[in-house]
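With mmCIF, C-alpha atoms inside, this is work39.cif:
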data_target
loop_
_atom_site.label_atom_id
_atom_site.label_comp_id
_atom_site.auth_asym_id
_atom_site.auth_seq_id
_atom_site.Cartn_x
_atom_site.Cartn_y
_atom_site.Cartn_z
CA MET A 1 33.73 16.21 105.87
CA GLN A 2 36.26 18.64 107.31
CA ILE A 3 38.45 15.97 108.82
CA VAL A 4 38.98 14.26 105.46
CA MET A 5 39.84 17.60 103.83
CA ARG A 6 42.19 18.57 106.64
CA ALA A 7 43.92 15.18 106.54
CA ALA A 8 44.37 15.47 102.76
CA ILE A 9 45.84 18.98 103.04
CA ILE A 10 48.20 17.92 105.82
CA PHE A 11 49.25 14.90 103.76
CA VAL A 12 50.27 17.17 100.88
CA ILE A 13 52.03 19.65 103.17
CA LEU A 14 53.87 16.81 104.93
CA TYR A 15 54.91 15.32 101.64
CA LEU A 16 56.25 18.64 100.36
CA LEU A 17 58.10 19.27 103.63
CA MET A 18 59.72 15.86 103.56
CA ARG A 19 60.80 16.40 99.96
CA LEU A 20 62.14 19.81 100.92
CA ALA A 21 64.15 18.26 103.73
CA GLY A 22 65.99 16.24 101.11
CA LYS A 23 66.87 12.64 100.64
CA ARG A 24 69.62 12.63 103.25
CA GLN A 25 67.08 13.02 106.03
CA LEU A 26 65.85 9.49 105.59
CA SER A 27 69.06 7.79 106.51
CA GLN A 28 70.92 10.47 108.41
CA MET A 29 68.41 11.35 111.07
CA ASN A 30 70.00 12.15 114.40
CA ALA A 31 68.32 12.14 117.81
CA PHE A 32 67.26 15.79 117.60
CA GLU A 33 65.70 15.34 114.18
CA LEU A 34 63.89 12.28 115.47
CA VAL A 35 62.43 14.31 118.34
CA LEU A 36 61.43 17.01 115.85
CA LEU A 37 59.62 14.40 113.81
CA VAL A 38 57.70 13.19 116.86
CA VAL A 39 56.77 16.78 117.79
CA MET A 40 55.71 17.37 114.22
CA GLY A 41 53.40 14.37 114.49
CA ASP A 42 51.81 15.86 117.59
CA LEU A 43 51.23 19.20 115.87
CA ILE A 44 49.74 17.46 112.86
CA GLN A 45 47.33 15.52 115.05
CA GLN A 46 45.85 18.75 116.38
CA ALA A 47 45.47 20.20 112.92
CA VAL A 48 43.77 17.10 111.55
CA THR A 49 41.43 15.92 114.29
CA GLN A 50 41.04 19.19 116.25
CA GLU A 51 38.29 18.49 118.81
CA ASP A 52 36.98 15.34 117.20
CA TYR A 53 37.38 12.63 119.84
CA SER A 54 35.43 9.95 118.00
CA ILE A 55 36.68 6.63 116.71
CA THR A 56 35.09 7.50 113.38
CA GLY A 57 37.05 10.75 113.19
CA ALA A 58 40.34 9.00 113.86
CA SER A 59 39.46 6.32 111.32
CA LEU A 60 38.66 8.95 108.70
CA ALA A 61 41.99 10.71 109.28
CA ILE A 62 44.01 7.49 109.16
CA GLY A 63 41.99 6.26 106.20
CA THR A 64 42.66 9.45 104.26
CA PHE A 65 46.40 9.16 104.83
CA THR A 66 46.32 5.49 103.84
CA LEU A 67 44.29 6.04 100.68
CA LEU A 68 46.47 8.93 99.55
CA SER A 69 49.58 6.83 100.17
CA LEU A 70 48.08 4.02 98.08
CA LEU A 71 47.21 6.49 95.32
CA LEU A 72 50.73 7.88 95.40
CA THR A 73 52.13 4.36 95.13
CA LEU A 74 49.80 3.58 92.23
CA VAL A 75 50.65 6.75 90.35
CA THR A 76 54.39 6.40 90.89
CA TRP A 77 54.24 2.79 89.74
CA ARG A 78 52.27 3.71 86.63
CA PHE A 79 54.03 6.92 85.54
CA ARG A 80 57.81 7.18 85.44
CA ARG A 81 57.95 10.97 85.51
CA VAL A 82 55.79 11.04 88.60
CA ARG A 83 57.93 8.31 90.10
CA ASP A 84 61.07 10.38 89.54
CA ALA A 85 59.41 13.44 91.05
CA VAL A 86 57.97 11.56 94.00
CA SER A 87 60.67 9.05 94.83
CA GLY A 88 63.68 10.89 93.45
CA VAL A 89 66.36 9.43 91.21
CA PRO A 90 69.71 7.88 92.05
CA THR A 91 72.68 10.18 91.74
CA VAL A 92 76.28 9.29 90.93
CA ILE A 93 78.44 10.70 93.67
CA VAL A 94 81.68 8.78 93.05
CA ARG A 95 82.95 8.04 89.57
CA ASP A 96 86.20 6.35 88.60
CA GLY A 97 87.62 6.62 92.09
CA GLU A 98 86.85 10.30 92.54
CA ILE A 99 84.12 12.06 94.46
CA VAL A 100 81.91 14.19 92.25
CA MET A 101 82.25 17.25 94.46
CA ASP A 102 79.53 19.30 92.74
CA VAL A 103 76.97 16.57 93.43
CA ALA A 104 78.17 16.22 97.03
CA ARG A 105 77.74 19.96 97.50
CA TYR A 106 74.30 20.15 95.88
CA GLU A 107 73.08 17.16 97.85
CA ARG A 108 74.68 18.52 101.04
CA VAL A 109 76.66 15.32 101.59
CA PRO A 110 79.73 15.91 103.80
CA VAL A 111 82.76 14.00 102.57
CA ALA A 112 83.09 12.55 106.08
CA GLU A 113 79.66 10.99 105.71
CA LEU A 114 80.64 9.47 102.40
CA PHE A 115 83.78 8.02 104.01
CA GLU A 116 81.66 6.61 106.81
CA ALA A 117 79.42 4.88 104.27
CA MET A 118 82.52 3.51 102.55
CA ARG A 119 83.90 2.16 105.84
CA GLU A 120 80.60 0.45 106.53
CA GLN A 121 81.06 -1.42 103.25
CA GLN A 122 84.70 -2.26 104.02
CA ILE A 123 86.08 0.15 101.44
CA ARG A 124 89.35 1.72 102.55
CA ASP A 125 89.93 4.26 99.83
CA VAL A 126 87.76 6.12 97.41
CA SER A 127 90.08 5.07 94.62
CA GLU A 128 88.75 1.52 95.01
CA ILE A 129 85.30 2.70 93.92
CA ASP A 130 84.38 2.49 90.29
CA LEU A 131 80.90 3.90 90.81
CA GLY A 132 79.25 5.30 93.93
CA VAL A 133 75.55 6.07 93.89
CA LEU A 134 73.47 8.10 96.33
CA GLU A 135 70.14 6.29 96.24
CA PRO A 136 66.82 8.18 96.49
CA ASP A 137 66.24 6.80 99.98
CA GLY A 138 69.57 8.23 101.20
CA ARG A 139 71.58 4.98 101.14
CA TYR A 140 74.85 4.62 99.28
CA SER A 141 75.63 1.89 96.75
CA PHE A 142 79.27 1.34 95.84
CA PHE A 143 80.60 -0.71 92.95
CA THR A 144 84.28 -1.39 93.46
CA ARG A 145 86.80 -2.47 90.91
CA ARG A 146 87.65 -5.33 93.23
CA GLN A 147 84.08 -6.63 93.21
CA ASP A 148 83.65 -7.08 89.46
CA GLY A 149 87.34 -7.53 88.67
CA SER A 150 87.35 -4.92 85.93
CA ASP A 151 87.43 -1.19 85.46
CA GLY A 152 84.26 -1.05 83.45
CA ALA A 153 81.43 -1.80 85.82
CA GLN A 154 78.13 -1.62 84.03
CA GLU A 155 76.37 1.58 84.95
CA PRO A 156 72.78 1.26 86.06
CA ASN A 157 72.00 4.44 84.10
CA PRO A 158 71.47 6.78 87.03
CA ALA A 159 70.82 10.44 86.45
CA VAL A 160 73.76 12.63 87.42
CA VAL B 1 56.25 -19.37 98.87
CA ARG B 2 53.09 -17.99 97.32
CA THR B 3 52.01 -19.03 93.87
CA VAL B 4 51.09 -16.50 91.19
CA GLU B 5 47.43 -17.37 91.75
CA GLN B 6 47.76 -16.65 95.47
CA VAL B 7 49.47 -13.34 94.72
CA ARG B 8 46.65 -12.45 92.33
CA ARG B 9 44.03 -13.26 94.98
CA ALA B 10 45.92 -11.15 97.54
CA ARG B 11 46.02 -8.27 95.05
CA ASN B 12 42.25 -8.58 94.50
CA ALA B 13 41.67 -8.57 98.25
CA ARG B 14 43.75 -5.40 98.56
CA VAL B 15 41.78 -3.74 95.76
CA ALA B 16 38.51 -4.67 97.48
CA GLY B 17 39.82 -3.32 100.79
CA THR B 18 40.87 -0.09 99.10
CA LEU B 19 37.41 0.31 97.58
CA VAL B 20 35.80 -0.17 100.99
CA LEU B 21 38.18 2.43 102.41
CA ALA B 22 37.32 4.84 99.59
CA LEU B 23 33.60 4.35 100.28
CA PHE B 24 34.14 5.04 103.98
CA LEU B 25 36.06 8.22 103.23
CA GLY B 26 33.44 9.24 100.68
CA ALA B 27 30.80 8.86 103.39
CA GLY B 28 32.90 11.05 105.66
CA LEU B 29 33.46 13.58 102.90
CA VAL B 30 29.77 14.09 102.16
CA GLY B 31 28.89 14.31 105.85
CA ILE B 32 27.02 11.04 106.24
CA LEU B 33 29.12 10.27 109.32
CA GLY B 34 28.37 13.68 110.85
CA VAL B 35 27.86 16.45 111.48
CA ARG B 36 24.63 16.38 109.46
CA THR B 37 21.85 18.88 110.07
CA ALA B 38 18.15 18.19 109.64
CA THR B 39 14.97 20.16 110.23
CA VAL B 40 11.64 19.19 111.76
CA SER B 41 8.61 21.39 112.16
CA THR B 42 5.12 21.22 113.55
CA SER B 43 2.08 23.38 114.15
CA GLY B 44 0.05 23.57 117.33
CA GLU B 45 -2.68 25.80 118.73
CA GLY B 46 -1.90 29.01 116.84
CA VAL B 47 1.81 28.34 116.95
CA ASP B 48 4.44 27.02 114.55
CA MET B 49 7.62 25.34 115.75
CA SER B 50 10.68 24.55 113.69
CA LEU B 51 13.91 22.93 114.81
CA ASP B 52 17.28 22.69 113.07
CA TYR B 53 19.24 19.96 114.82
CA GLY B 54 22.19 17.67 114.44
CA ALA B 55 20.83 14.44 113.03
CA VAL B 56 24.26 12.81 112.97
CA THR B 57 27.18 13.93 115.07
CA ARG B 58 30.36 12.66 116.63
CA ALA B 59 32.06 13.01 120.00
CA GLY B 60 33.66 16.40 120.50
CA LEU B 61 32.01 18.16 117.58
CA ALA B 62 29.83 21.25 117.76
CA THR B 63 26.25 20.26 117.09
CA PRO B 64 23.47 22.58 115.99
CA TYR B 65 20.22 23.10 117.86
CA HIS B 66 18.18 26.07 116.74
CA LEU B 67 14.53 26.29 117.71
CA GLU B 68 12.13 28.84 116.24
CA ILE B 69 8.61 29.39 117.51
CA VAL B 70 6.24 31.65 115.61
CA ARG B 71 3.04 32.83 117.27
CA PRO B 72 1.31 35.27 114.88
CA GLY B 73 -0.50 37.11 117.67
CA GLY B 74 2.65 37.50 119.75
CA PHE B 75 3.53 36.00 123.12
CA ASP B 76 1.42 37.22 126.03
CA GLY B 77 3.32 35.31 128.70
CA PRO B 78 6.50 33.37 129.39
CA VAL B 79 7.63 30.77 126.89
CA THR B 80 7.94 27.36 128.51
CA LEU B 81 9.96 24.67 126.81
CA ALA B 82 10.53 21.10 127.95
CA LEU B 83 13.30 18.91 126.60
CA SER B 84 14.01 15.24 127.10
CA ARG B 85 16.41 14.79 130.01
CA GLU B 86 18.47 12.24 128.09
CA PHE B 87 19.21 14.85 125.45
CA PHE B 88 21.39 16.69 127.93
CA ASP B 89 23.50 13.60 128.57
CA ARG B 90 24.73 13.80 125.00
CA PHE B 91 26.34 17.24 125.21
CA ASP B 92 28.79 19.51 126.93
CA PHE B 93 26.93 22.79 127.12
CA GLN B 94 28.70 26.08 126.56
CA ASN B 95 25.71 28.42 126.57
CA PHE B 96 22.06 29.01 125.66
CA TYR B 97 20.88 31.91 123.53
CA PRO B 98 18.85 33.31 125.26
CA ASN B 99 19.33 31.99 128.77
CA PRO B 100 16.16 30.91 130.57
CA SER B 101 14.71 32.97 133.39
CA LYS B 102 13.62 29.86 135.29
CA GLU B 103 14.38 26.19 135.06
CA THR B 104 13.19 23.00 136.66
CA ALA B 105 12.97 19.32 135.87
CA ASP B 106 10.83 16.28 136.33
CA ALA B 107 11.52 12.62 135.80
CA GLU B 108 11.37 12.85 132.03
CA TYR B 109 11.96 16.46 131.03
CA VAL B 110 14.07 19.48 131.82
CA VAL B 111 11.77 22.51 131.75
CA TYR B 112 12.93 26.03 130.89
CA GLU B 113 10.94 29.24 131.13
CA PHE B 114 11.87 32.30 129.10
CA ASP B 115 10.76 35.89 129.17
CA PRO B 116 8.45 36.51 126.22
CA PRO B 117 9.96 38.11 123.11
CA THR B 118 8.67 41.48 121.91
CA GLY B 119 7.60 40.22 118.48
CA SER B 120 5.85 37.14 117.26
CA VAL B 121 9.02 35.03 116.87
CA PHE B 122 10.96 33.35 119.63
CA THR B 123 14.28 31.66 118.85
CA TRP B 124 16.46 29.53 121.05
CA SER B 125 19.90 28.15 120.24
CA PHE B 126 22.48 26.01 122.00
CA ASP B 127 26.20 26.37 121.86
CA VAL B 128 27.07 22.73 122.50
CA LYS B 129 29.64 20.13 121.73
CA THR B 130 28.88 16.46 121.71
CA SER B 131 30.24 14.96 124.88
CA PRO B 132 33.50 13.11 124.18
CA ASN B 133 33.04 10.31 126.70
CA GLN B 134 30.48 8.27 124.78
CA LEU B 135 30.72 5.44 122.32
CA GLY B 136 27.61 6.16 120.33
CA SER B 137 23.86 6.31 120.47
CA MET B 138 20.73 6.58 118.37
CA ARG B 139 17.75 8.00 120.23
CA THR B 140 14.73 10.16 119.73
CA TYR B 141 14.39 13.30 121.82
CA VAL B 142 11.40 15.55 122.40
CA THR B 143 11.03 19.32 122.57
CA GLN B 144 7.69 20.56 123.89
CA LEU B 145 6.13 23.99 124.04
CA ARG B 146 3.93 24.17 127.10
CA ASP B 147 1.31 26.66 128.20
CA ASP B 148 1.08 28.26 131.64
CA ASP B 149 -0.76 25.23 133.01
CA GLY B 150 1.89 22.82 131.80
CA ARG B 151 -0.19 21.44 128.93
CA VAL B 152 1.63 20.64 125.70
CA GLU B 153 0.81 23.15 122.95
CA ALA B 154 3.19 21.78 120.35
CA GLU B 155 5.72 19.01 120.32
CA LEU B 156 8.66 18.13 118.12
CA SER B 157 10.63 14.93 118.20
CA HIS B 158 13.94 14.42 116.53
CA ARG B 159 16.28 11.49 116.25
CA MET B 160 19.96 12.09 116.80
CA ILE B 161 22.71 9.61 116.03
CA VAL B 162 26.01 9.97 117.82
CA VAL B 163 28.50 8.04 115.72
CA PRO B 164 31.12 6.32 117.91
#
Would you mind writing the file's structure down as structure tokens?
Amino acid sequence: MQIVMRAAIIFVILYLLMRLAGKRQLSQMNAFELVLLVVMGDLIQQAVTQEDYSITGASLAIGTFTLLSLLLTLVTWRFRRVRDAVSGVPTVIVRDGEIVMDVARYERVPVAELFEAMREQQIRDVSEIDLGVLEPDGRYSFFTRRQDGSDGAQEPNPAV
Amino acid sequence: VRTVEQVRRARNARVAGTLVLALFLGAGLVGILGVRTATVSTSGEGVDMSLDYGAVTRAGLATPYHLEIVRPGGFDGPVTLALSREFFDRFDFQNFYPNPSKETADAEYVVYEFDPPTGSVFTWSFDVKTSPNQLGSMRTYVTQLRDDDGRVEAELSHRMIVVP
């Protein structure tokens, strides 16, 4: 019984910690953060299984994580508010060729990182961007004036 | 490319798998997969024996074993207990409470002798963890109370399942 409870508690704590770390962590993980994640996994293992060396114990722990993940997926699919809370919402970070500096600051996005993302998408200058969106998974989506040939790219209604 | 019907069947299979997973976790949550405690008791020649034991356990987990012997007239000599040898293969022993004053073994049993308690109740407990290096087992083990001549006064048998 304990192993299922412990796994469920650790699942919630892990989820909260990952949300606390922010959306940038998903795409911007460096080598040190990757090592931290691996170490975290090791610490979690001790907390969940403790001295249970059985196959059944491991299966219960993995099963609990899997079932809770499935439940989270189901709930986020069914309820939009939960989806927004769980998955996050896209955020406009560049509008009409200008970086929305307040958003960049709140989301802890260095301008250099934004420029890097632009270069990866063959965008030379921020003025070429009609709309730049920081996606919930940490990726950037850019809509350039050049792409749609007009100034008025249709906004996908992201929350700012 | 999958058809809508194939996608629907795959969805149903996933739902069925999820239900099986939920049942498995439910079994773990209520303790069916261990550790589960059970009690057996018996009466012999002027003596009552009762044993709380781990009916279902798993590798690495602490498993209960608490034996209580009640002899209304008190114990006038050493208490001799014999346990199935195979029972000891299942555990890593930390300690006995109390520790025996003498011990020996034969082909089938490990025999312990204890100093008699002052009252009419003798209790014996193990501090044990199920040995990690085993895949699983389901066997019946015996605990005997013997008199000075080695005859069995009372006997308890209990089945213990070690879930892999």
Give me, as a ChimeraX atom specification, the contact residues of chain B against chain A at a cut-off of 6 Å, counting all atoms listed in the file.
/B:28-31,58-61,132,164
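Of note, atom CA of A:Asp137 and atom CA of A:Met18 are spaced 11.7 Å apart.
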Explicit residues for the PyMOL selection byres ((chain A and resi 86) around 12) (as a list in words):
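Output from the PyMOL selection byres ((chain A and resi 86) around 12), applied to this file: Val12, Tyr15, Leu16, Met18, Arg19, Leu20, Gly22, Lys23, Ser69, Leu71, Leu72, Thr73, Leu74, Val75, Thr76, Trp77, Phe79, Arg80, Arg81, Val82, Arg83, Asp84, Ala85, Ser87, Gly88, Val89, Pro136 and Asp137 of chain A.
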Keeping only C-alpha atoms, write the selected residues as a short mmCIF file (atom, residue, chain, number, x, y, z; two decimals), in the frame of the given file.
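Written output follows (out_22.cif):
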data_model
loop_
_atom_site.label_atom_id
_atom_site.label_comp_id
_atom_site.auth_asym_id
_atom_site.auth_seq_id
_atom_site.Cartn_x
_atom_site.Cartn_y
_atom_site.Cartn_z
CA VAL A 12 50.27 17.17 100.88
CA TYR A 15 54.91 15.32 101.64
CA LEU A 16 56.25 18.64 100.36
CA MET A 18 59.72 15.86 103.56
CA ARG A 19 60.80 16.40 99.96
CA LEU A 20 62.14 19.81 100.92
CA GLY A 22 65.99 16.24 101.11
CA LYS A 23 66.87 12.64 100.64
CA SER A 69 49.58 6.83 100.17
CA LEU A 71 47.21 6.49 95.32
CA LEU A 72 50.73 7.88 95.40
CA THR A 73 52.13 4.36 95.13
CA LEU A 74 49.80 3.58 92.23
CA VAL A 75 50.65 6.75 90.35
CA THR A 76 54.39 6.40 90.89
CA TRP A 77 54.24 2.79 89.74
CA PHE A 79 54.03 6.92 85.54
CA ARG A 80 57.81 7.18 85.44
CA ARG A 81 57.95 10.97 85.51
CA VAL A 82 55.79 11.04 88.60
CA ARG A 83 57.93 8.31 90.10
CA ASP A 84 61.07 10.38 89.54
CA ALA A 85 59.41 13.44 91.05
CA SER A 87 60.67 9.05 94.83
CA GLY A 88 63.68 10.89 93.45
CA VAL A 89 66.36 9.43 91.21
CA PRO A 136 66.82 8.18 96.49
CA ASP A 137 66.24 6.80 99.98
#
Atom CA of B:Glu108 and atom CA of B:Phe88 are how many Å apart?
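Between atom CA of B:Glu108 and atom CA of B:Phe88 the gap works out to 11.5 Å.
The spacing separating atom CA of B:Ser157 from atom CA of B:Ser101 amounts to 23.9 Å.
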Residues picked by the PyMOL selection byres ((chain A and resi 121) around 12) here, as a ChimeraX atom specification?
/A:114-120,122-126,128-129,132,139-144,147
List every protein, DNA or RNA residue that has at least one atom no more than 7 Å from (4.7, 21.5, 119.9) in the file's coordinates, counting all atoms listed in the file, and write the result as a ChimeraX atom specification.
/B:42-44,49,144-145,152-156
When you look at B:Glu113 with a cut-off of 6 Å (counting all atoms listed in the file), what residues show up, excluding the ones that are within fewer than 2 positions of it in the same chain? I need them as a list of chain:residue names.
B:Val79, B:Thr80, B:Pro100, B:Ser101, B:Lys102
9 Å contact set for B:Lys129, only C-alpha atoms, chain neighbours under 5 positions out, as a compact mmCIF listing (two decimals) with C-alpha atoms, in the coordinates of the input:
# COMPACT_ATOMS: atom_id res chain seq x y z
CA ALA B 59 32.06 13.01 120.00
CA GLY B 60 33.66 16.40 120.50
CA LEU B 61 32.01 18.16 117.58
CA ALA B 62 29.83 21.25 117.76
CA THR B 63 26.25 20.26 117.09
CA PRO B 64 23.47 22.58 115.99
CA ARG B 90 24.73 13.80 125.00
CA PHE B 91 26.34 17.24 125.21
CA ASP B 92 28.79 19.51 126.93
CA PHE B 93 26.93 22.79 127.12
CA GLN B 94 28.70 26.08 126.56
Option closest in space to A:Ala47, from A:Arg95, A:Arg105, A:Arg6, A:Arg78 [counting only C-alpha atoms]:
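Selected residue with least distance to A:Ala47: A:Arg6.
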Counting all atoms listed in the file, the residue among A:Val94, A:Leu68, A:Ile10, A:Val109 that lies closest to A:Asp130 is A:Val94
